[in-house]
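Q: Here it is, the structure in full.
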Amino acid sequence: MRLSCGGNSQDINYNRIPSVIPEARCRHDGCVDEKGNVDPTLISVPIKQEILVLHREKGCLPTLKLEKKIVTVGCTCAQPTMEKQS
């Protein structure tokens with residue numbers, strides 16, 4: 001088993017519903033093996049998810065606007081690929 005997640009951060013915006021969105025962050029560029037060592041032959045890749053949020057718009061009448069936001073929900077380990085340039 002290899003691990004890649006490092007912890008969470010919070011995206012805070014009080015003009016948005018929800019105002020606090022937790023986000024995962026990848027701790028290392030590589031992945032951590034069973035012994036706790038970073039394996040540089042693998043890369044840590046963020047897993048993204050699109051969510052819907054409401055933004056308060058300024059104006060005379062209180063208005064909410066539905067918007068999409070992409071958040072990082074986790075990290076996974078992957079083998080790096082090399083693309084040949086032509």
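Here's how to read the names in the structure tokens: chain A, B, ... by the order shown, residue numbers from 1 in each chain, ligand numbers from 1 in the order shown.
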List the neighbours of range 13-22 of chain A out to 12 Å using only C-alpha atoms; skip same-chain residues closer than 6 positions along the sequence, and give me the result as a PyMOL selection string.
A: chain A and resi 7+51-58+62-74
Q: I need the residues in chain A that are strand (DSSP E) according to DSSP; give them as a PyMOL selection string.
A: chain A and resi 5-12+16-17+20-26+31-32+38-39+43-57+63-78
Q: Env of Cys75 in chain A: 8 Å cut, atoms = only C-alpha atoms, seq-sep filter 3 positions within chain, self excluded. Answer as a list in words.
A: Ser4, Cys5, Ala24, Arg25, Cys26, Ser44, Val45, Pro46, Ile47 and Thr72 of chain A
Q: Export, as a PDB file, in the first residue's frame, the selected residues with N, CA and C atoms.
A:
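Writing the result to out.pdb gives the following:
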```pdb
ATOM      1  N   SER A   4      -0.412   8.949  -0.263  1.00  0.00           N
ATOM      2  CA  SER A   4       0.003  10.169  -0.905  1.00  0.00           C
ATOM      3  C   SER A   4      -0.576  11.421  -0.253  1.00  0.00           C
ATOM      4  N   CYS A   5      -1.620  11.312   0.542  1.00  0.00           N
ATOM      5  CA  CYS A   5      -2.254  12.501   1.134  1.00  0.00           C
ATOM      6  C   CYS A   5      -1.417  13.053   2.273  1.00  0.00           C
ATOM      7  N   ALA A  24      -8.132  18.605   0.438  1.00  0.00           N
ATOM      8  CA  ALA A  24      -6.958  17.764   0.695  1.00  0.00           C
ATOM      9  C   ALA A  24      -5.754  18.387   0.005  1.00  0.00           C
ATOM     10  N   ARG A  25      -4.582  18.074   0.508  1.00  0.00           N
ATOM     11  CA  ARG A  25      -3.361  18.493  -0.170  1.00  0.00           C
ATOM     12  C   ARG A  25      -2.372  17.332  -0.138  1.00  0.00           C
ATOM     13  N   CYS A  26      -1.607  17.226  -1.191  1.00  0.00           N
ATOM     14  CA  CYS A  26      -0.609  16.164  -1.292  1.00  0.00           C
ATOM     15  C   CYS A  26       0.647  16.618  -0.557  1.00  0.00           C
ATOM     16  N   SER A  44       2.703  11.760  -6.718  1.00  0.00           N
ATOM     17  CA  SER A  44       1.460  11.999  -6.002  1.00  0.00           C
ATOM     18  C   SER A  44       0.585  12.900  -6.875  1.00  0.00           C
ATOM     19  N   VAL A  45      -0.628  12.441  -7.163  1.00  0.00           N
ATOM     20  CA  VAL A  45      -1.523  13.164  -8.063  1.00  0.00           C
ATOM     21  C   VAL A  45      -2.790  13.549  -7.309  1.00  0.00           C
ATOM     22  N   PRO A  46      -3.171  14.832  -7.335  1.00  0.00           N
ATOM     23  CA  PRO A  46      -4.399  15.231  -6.657  1.00  0.00           C
ATOM     24  C   PRO A  46      -5.635  14.686  -7.363  1.00  0.00           C
ATOM     25  N   ILE A  47      -6.637  14.316  -6.577  1.00  0.00           N
ATOM     26  CA  ILE A  47      -7.927  13.869  -7.100  1.00  0.00           C
ATOM     27  C   ILE A  47      -8.874  15.054  -6.977  1.00  0.00           C
ATOM     28  N   THR A  72      -9.873  19.756  -4.366  1.00  0.00           N
ATOM     29  CA  THR A  72      -9.063  18.546  -4.235  1.00  0.00           C
ATOM     30  C   THR A  72      -9.623  17.733  -3.078  1.00  0.00           C
TER      31      THR A  72
END
```
Q: Find the distance between CA of Thr76 in chain A and CA of Val38 in chain A and write it in Å to one decimal.
A: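 Here the two named atoms are 13.5 Å from each other.
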Q: When you draw a straight line from CA of Gly30 in chain A to CA of Cys77 in chain A, how long is it in Å?
A: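 One can read the CA of Gly30 in chain A to CA of Cys77 in chain A distance as 7.7 Å.
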